[in-house]
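Coordinates as given in work.txt (compact mmCIF, C-alpha atoms):
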```txt
# COMPACT_ATOMS: atom_id res chain seq x y z
CA MET A 549 2.19 31.68 68.13
CA GLN A 550 5.14 29.33 68.61
CA ILE A 551 8.68 30.68 69.01
CA GLU A 552 9.91 29.16 65.74
CA ALA A 553 7.04 30.77 63.83
CA MET A 554 7.82 34.12 65.47
CA VAL A 555 11.51 33.85 64.53
CA ARG A 556 10.54 32.98 60.95
CA ALA A 557 8.24 36.02 60.78
CA VAL A 558 11.00 38.29 62.12
CA GLN A 559 13.52 36.83 59.66
CA ALA A 560 11.17 37.37 56.73
CA LYS A 561 10.57 40.98 57.80
CA LEU A 562 14.33 41.61 58.12
CA GLY A 563 15.07 40.02 54.75
CA VAL A 564 17.51 37.40 56.06
CA GLY A 565 17.49 33.61 55.69
CA VAL A 566 14.24 32.18 57.05
CA ASP A 567 14.94 29.03 59.05
CA GLY A 568 13.24 29.62 62.41
CA ARG A 569 16.57 29.68 64.28
CA ALA A 570 17.88 32.95 65.70
CA GLY A 571 21.50 32.55 64.64
CA PRO A 572 24.23 35.14 64.00
CA GLU A 573 22.66 36.40 60.75
CA THR A 574 19.32 37.06 62.44
CA TRP A 575 20.79 38.71 65.54
CA SER A 576 23.10 40.87 63.45
CA ALA A 577 20.11 42.07 61.39
CA ILE A 578 18.11 42.79 64.56
CA TYR A 579 21.05 44.71 66.01
CA LYS A 580 21.50 46.75 62.84
CA ARG A 581 17.77 47.53 62.69
CA ILE A 582 17.20 48.42 66.36
CA VAL A 583 20.51 49.49 67.88
CA ASP A 584 22.64 50.66 64.97
CA ARG A 585 19.65 51.85 62.90
CA GLY A 586 21.19 50.39 59.77
CA SER A 587 19.07 50.18 56.66
CA PRO A 588 17.70 46.79 55.56
CA ALA A 589 19.91 47.00 52.47
CA ASP A 590 23.02 47.30 54.66
CA LEU A 591 22.69 44.38 57.05
CA ALA A 592 26.42 43.75 57.42
CA LEU A 593 26.81 40.52 59.34
CA THR A 594 30.07 41.54 61.01
CA GLU A 595 31.88 44.82 61.30
CA THR A 596 35.62 45.31 60.74
CA ALA A 597 36.24 45.25 64.49
CA ASP A 598 34.55 41.86 64.67
CA ARG A 599 36.97 40.07 62.36
CA ALA A 600 38.75 36.93 63.46
CA ASN A 601 42.54 36.74 63.27
CA ALA A 602 44.17 36.94 59.83
CA ARG A 603 44.70 33.19 59.55
CA SER A 604 41.05 32.42 60.27
CA GLU A 605 39.80 35.25 58.05
CA ARG A 606 41.66 33.83 55.04
CA VAL A 607 39.71 30.59 55.47
CA ILE A 608 36.41 32.30 56.33
CA ALA A 609 36.67 34.28 53.09
CA THR A 610 36.43 30.99 51.14
CA LEU A 611 33.08 30.08 52.72
CA HIS A 612 29.61 30.82 51.37
CA ALA A 613 28.45 34.29 52.48
CA ARG A 614 25.69 32.72 54.59
CA VAL A 615 28.23 30.58 56.48
CA GLN A 616 30.85 33.26 57.15
CA PRO A 617 29.04 34.93 60.10
CA TYR A 618 28.55 31.54 61.76
CA ALA A 619 32.28 30.78 61.55
CA ARG A 620 33.11 34.18 63.04
CA ALA A 621 30.46 33.80 65.73
CA LEU A 622 31.92 30.43 66.76
CA TYR A 623 35.45 31.91 66.78
CA PHE A 624 34.40 34.63 69.23
CA LYS A 625 31.98 32.50 71.25
CA ALA A 626 34.76 30.00 71.92
CA ARG A 627 37.02 32.80 73.14
CA GLU A 628 34.29 34.07 75.46
CA HIS A 629 34.43 30.60 77.06
CA GLY A 630 38.22 30.57 77.36
CA LEU A 631 38.79 28.38 74.29
CA THR A 632 41.19 29.48 71.56
CA ILE A 633 40.22 28.23 68.12
CA ASN A 634 41.17 29.12 64.59
CA ILE A 635 39.18 28.37 61.47
CA ILE A 636 41.66 26.14 59.63
CA SER A 637 39.81 24.65 56.66
CA GLY A 638 36.98 25.92 54.49
CA LEU A 639 36.12 25.56 50.82
CA ARG A 640 37.90 22.74 48.97
CA SER A 641 37.95 21.96 45.27
CA TYR A 642 36.93 18.49 44.14
CA ALA A 643 40.63 17.79 43.40
CA GLU A 644 41.68 18.85 46.90
CA GLN A 645 38.98 16.62 48.35
CA ASP A 646 40.15 13.68 46.22
CA ALA A 647 43.71 14.17 47.51
CA LEU A 648 42.45 14.06 51.10
CA TYR A 649 40.40 10.96 50.32
CA ALA A 650 43.51 9.22 48.97
CA GLN A 651 45.30 9.75 52.29
CA GLY A 652 45.38 6.45 54.16
CA ARG A 653 44.23 4.63 51.04
CA THR A 654 46.54 5.13 48.06
CA ARG A 655 48.76 7.71 49.79
CA ALA A 656 50.62 7.57 53.09
CA GLY A 657 48.93 8.85 56.22
CA LYS A 658 45.88 8.36 58.40
CA LYS A 659 42.38 8.35 56.89
CA VAL A 660 40.84 11.75 57.44
CA THR A 661 37.71 11.60 55.30
CA ASN A 662 35.25 9.18 53.76
CA ALA A 663 34.26 11.73 51.12
CA ARG A 664 35.54 11.93 47.56
CA GLY A 665 35.42 15.15 45.58
CA GLY A 666 31.82 16.38 45.29
CA TYR A 667 30.73 14.34 48.31
CA SER A 668 31.86 16.70 51.07
CA ASN A 669 30.10 19.82 52.27
CA HIS A 670 33.51 21.53 52.12
CA ASN A 671 33.22 21.37 48.32
CA PHE A 672 30.29 23.79 48.44
CA GLY A 673 31.55 26.31 51.00
CA ILE A 674 28.99 25.36 53.63
CA ALA A 675 31.41 23.57 55.99
CA PHE A 676 34.54 24.50 57.92
CA ASP A 677 36.96 22.92 60.36
CA VAL A 678 38.37 24.47 63.51
CA GLY A 679 41.61 23.84 65.34
CA LEU A 680 42.01 24.19 69.10
CA PHE A 681 45.13 25.92 70.39
CA GLU A 682 46.77 26.14 73.82
CA ARG A 683 49.70 28.53 74.22
CA ASN A 684 49.96 28.71 70.42
CA GLN A 685 50.23 24.91 70.19
CA TYR A 686 47.74 23.12 67.94
CA LEU A 687 45.74 20.39 69.68
CA GLY A 688 44.84 17.70 67.15
CA GLU A 689 42.86 15.83 69.77
CA SER A 690 41.36 17.20 72.96
CA PRO A 691 38.19 16.73 75.03
CA LEU A 692 37.74 20.49 74.60
CA TYR A 693 36.48 19.87 71.05
CA LYS A 694 33.25 18.65 72.66
CA ALA A 695 32.85 22.05 74.33
CA VAL A 696 33.39 23.83 70.99
CA GLY A 697 30.91 21.42 69.42
CA ALA A 698 28.25 22.39 71.96
CA LEU A 699 28.87 26.09 71.25
CA GLY A 700 28.53 25.51 67.51
CA GLU A 701 25.26 23.66 67.97
CA GLU A 702 23.93 26.56 70.06
CA LEU A 703 24.57 28.78 67.03
CA GLY A 704 22.57 26.45 64.76
CA LEU A 705 25.51 24.62 63.16
CA GLU A 706 25.69 20.89 62.61
CA TRP A 707 28.68 19.31 64.34
CA GLY A 708 30.77 16.45 62.97
CA GLY A 709 31.30 15.17 66.50
CA ASN A 710 27.77 13.73 66.35
CA TRP A 711 28.48 11.61 63.28
CA ARG A 712 28.29 7.84 63.65
CA THR A 713 31.03 6.96 61.17
CA LEU A 714 34.38 8.76 61.07
CA VAL A 715 33.51 11.18 63.89
CA ASP A 716 34.96 14.58 62.95
CA GLN A 717 34.99 16.84 66.02
CA PRO A 718 36.67 19.84 64.33
CA HIS A 719 33.96 19.91 61.60
CA PHE A 720 30.95 22.26 61.44
CA GLN A 721 28.44 22.90 58.66
CA LEU A 722 25.36 24.98 57.97
CA ARG A 723 22.53 23.06 56.33
CA PRO A 724 20.51 25.07 53.78
CA ASP A 725 16.81 25.53 54.61
CA TRP A 726 15.74 23.40 51.63
CA ALA A 727 17.82 20.50 53.00
CA ILE A 728 16.24 20.35 56.47
CA GLY A 729 15.15 16.75 56.94
CA LEU A 730 17.06 15.44 53.91
CA ARG A 731 19.56 12.64 54.26
CA GLU A 732 23.17 13.80 53.90
CA ARG A 733 23.68 11.96 50.60
CA ASP A 734 20.51 13.50 49.13
CA MET A 735 21.60 16.98 50.18
CA LEU A 736 25.04 16.43 48.63
CA ALA A 737 23.46 15.19 45.38
CA GLU A 738 21.38 18.37 45.21
CA LEU A 739 24.44 20.52 46.00
CA ARG A 740 26.38 18.87 43.16
CA GLN A 741 23.47 19.55 40.79
CA ARG A 742 23.17 23.14 41.93
CA THR A 743 26.89 23.69 41.46
CA ALA A 744 26.76 22.19 37.96
CA ASN A 745 23.82 24.48 37.10
CA GLY A 746 25.30 27.61 38.72
CA VAL A 747 22.55 27.74 41.38
CA ASP A 748 23.39 29.13 44.82
CA ALA A 749 23.60 26.53 47.61
CA PHE A 750 21.15 28.49 49.77
CA ALA A 751 18.74 29.65 47.04
```
Using the file provided, produce a representation of the structure as structure tokens.
Amino acid sequence: MQIEAMVRAVQAKLGVGVDGRAGPETWSAIYKRIVDRGSPADLALTETADRANARSERVIATLHARVQPYARALYFKAREHGLTINIISGLRSYAEQDALYAQGRTRAGKKVTNARGGYSNHNFGIAFDVGLFERNQYLGESPLYKAVGALGEELGLEWGGNWRTLVDQPHFQLRPDWAIGLRERDMLAELRQRTANGVDAFA
């Protein structure tokens, strides 16, 4: 049996998202089942002691429940490697996204996105941005974002630093299982439809 098939079987047995990748959700469920002896109905992804700082938690709270443990895991994993990050952007409304899109086009400032409202993964709570900090100073640009990107990819997140147009190193997103192999624009079209129909992004 291949590793991915084994992980999928374990995930199905634990009642968590089945994607064949042993990310934070899977490991938390395994920990609760084996070490903490938690019941399957109480597979808390993070405990109170495992919360990020208040600033990051406010943003994490806006994310889809499936994405929240990944954001926290990246927060702590970065710190284990001597990198201080905060989660600085999460869910955005279509209007907020349109305002960002206008920046550098019809409003003053540098272009920060190619996505209008409804065409960004932030609009569906499956994406978040991080900020690097050194001695409490925000680093808008730093080669250390590549290190954070590698840590996020290890967790199973997609990293905006790999994009070909408008590279976005602070950006991370969790692709739903049904969207594996889909082009980004096709996934976004389905997410818009799901939102309009009140269907969960990960259902």
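Residues in contact with stretch 745-750 of chain A at 10 Å, where all atoms listed in the file are counted and same-chain residues fewer than 6 positions away are skipped, are listed as Gly565, His612, Ala613, Arg614, Val615, Phe672, Gly673, Ile674, Leu722, Arg723, Pro724, Asp725, Trp726, Ala727, Glu738 and Leu739 of chain A.
Considering the residues A:Gly563, A:Ile636, A:Glu644, A:Arg731 and counting only C-alpha atoms, A:Ser576 has its shortest atom-to-atom contact with A:Gly563.
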**Residues near A:Ala698, cut-off 12 Å, all atoms listed in the file, skip fewer than 4 positions along chain, as a list of chain:residue names** =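 Listing them by chain and then by number gives A:Leu622, A:Lys625, A:Ala626, A:His629, A:Pro691, A:Leu692, A:Tyr693, A:Lys694, A:Glu702, A:Leu703, A:Gly704, A:Leu705, A:Glu706, A:Trp707, A:Gly708, A:Gly709, A:Asn710, A:Gln717, A:Pro718, A:Phe720.
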**Message:** One number please: atom CA of A:Arg653 to atom CA of A:Leu639, in Å, one decimal.
**Reply:**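 Separation between atom CA of A:Arg653 and atom CA of A:Leu639: 22.4 Å.
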Contacts of A:Leu631 at 9 Å (only C-alpha atoms; same-chain gap of 4+ positions) as a PDB file with C-alpha atoms, in the coordinates of the input:
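Written output follows (around11.pdb):
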```
ATOM      1  CA  TYR A 623      35.450  31.910  66.780  1.00  0.00           C
ATOM      2  CA  LYS A 625      31.980  32.500  71.250  1.00  0.00           C
ATOM      3  CA  ALA A 626      34.760  30.000  71.920  1.00  0.00           C
ATOM      4  CA  ARG A 627      37.020  32.800  73.140  1.00  0.00           C
ATOM      5  CA  LEU A 680      42.010  24.190  69.100  1.00  0.00           C
ATOM      6  CA  PHE A 681      45.130  25.920  70.390  1.00  0.00           C
ATOM      7  CA  GLU A 682      46.770  26.140  73.820  1.00  0.00           C
ATOM      8  CA  LEU A 692      37.740  20.490  74.600  1.00  0.00           C
ATOM      9  CA  ALA A 695      32.850  22.050  74.330  1.00  0.00           C
ATOM     10  CA  VAL A 696      33.390  23.830  70.990  1.00  0.00           C
TER      11      VAL A 696
END
```
**Item:** Nearest to A:Val715, chosen from A:Val660, A:Ile728, A:Val678, A:Val555, with all atoms listed in the file counted in the distances
**Value:**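 Answer, going by the shortest atom-to-atom distance: A:Val660.
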**Prompt:** So how far away is atom CA of A:Glu573 from atom CA of A:Lys561, in Å?
**Reply:** 13.3 Å
**Prompt:** Smallest atom-to-atom distance to A:Gln616: which of A:Tyr649, A:Phe676, A:Tyr667, A:Trp575, using only C-alpha atoms?
**Reply:**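 Selected residue with least distance to A:Gln616: A:Phe676.
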**Item:** Close residues, A:Ala602 itself excluded, 10 Å, all atoms listed in the file, min 5 positions apart in chain, as a VMD selection string
**Value:** chain A and resid 607 to 608 634
**Message:** Report, in Å with one decimal, the straight-line distance from atom CA of A:His719 to atom CA of A:Glu605.
**Reply:** 16.8 Å
**Request:** Pull the neighbourhood of (29.5, 19.8, 43.1) for me: all residues within 7 Å in file coordinates, counting only C-alpha atoms, as a list in words.
**Result:**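 Checking each residue against the 7 Å limit leaves Gly666, Asn671, Phe672, Leu739, Arg740, Gln741, Thr743 and Ala744 of chain A.
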**Request:** Would you please work out which residue, of A:Thr661, A:Asn669, A:Asn684, A:Asn601, is nearest to A:Ala647 when using only C-alpha atoms?
**Result:**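 Once distances to A:Ala647 are computed over only C-alpha atoms, the minimum belongs to A:Thr661.
Considering the residues A:Met735, A:Leu699, A:Ala600, A:Val566 and counting only C-alpha atoms, A:Glu552 has its shortest atom-to-atom contact with A:Val566.
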**Prompt:** Of the candidates A:Met554, A:Leu648, A:Ile582, A:Leu687, which shows the shortest atom-to-atom distance to A:Thr632, using all atoms listed in the file?
**Reply:**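 Distance minimum relative to A:Thr632 lands on A:Leu687.
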**Asked** What residues have an atom no more than 7 Å from (35.8, 14.1, 44.4) in the file's own frame, counting all atoms listed in the file, and can you write them as a ChimeraX atom specification?
**Response** /A:642-643,645-646,664-667
**Request:** Excluding A:Ile551 and any residue of its chain fewer than 5 positions from it, enumerate the residues within 10 Å of it, using only C-alpha atoms, and give them as a list in words.
**Result:** Arg556, Ala557, Gly568 and Arg569 of chain A
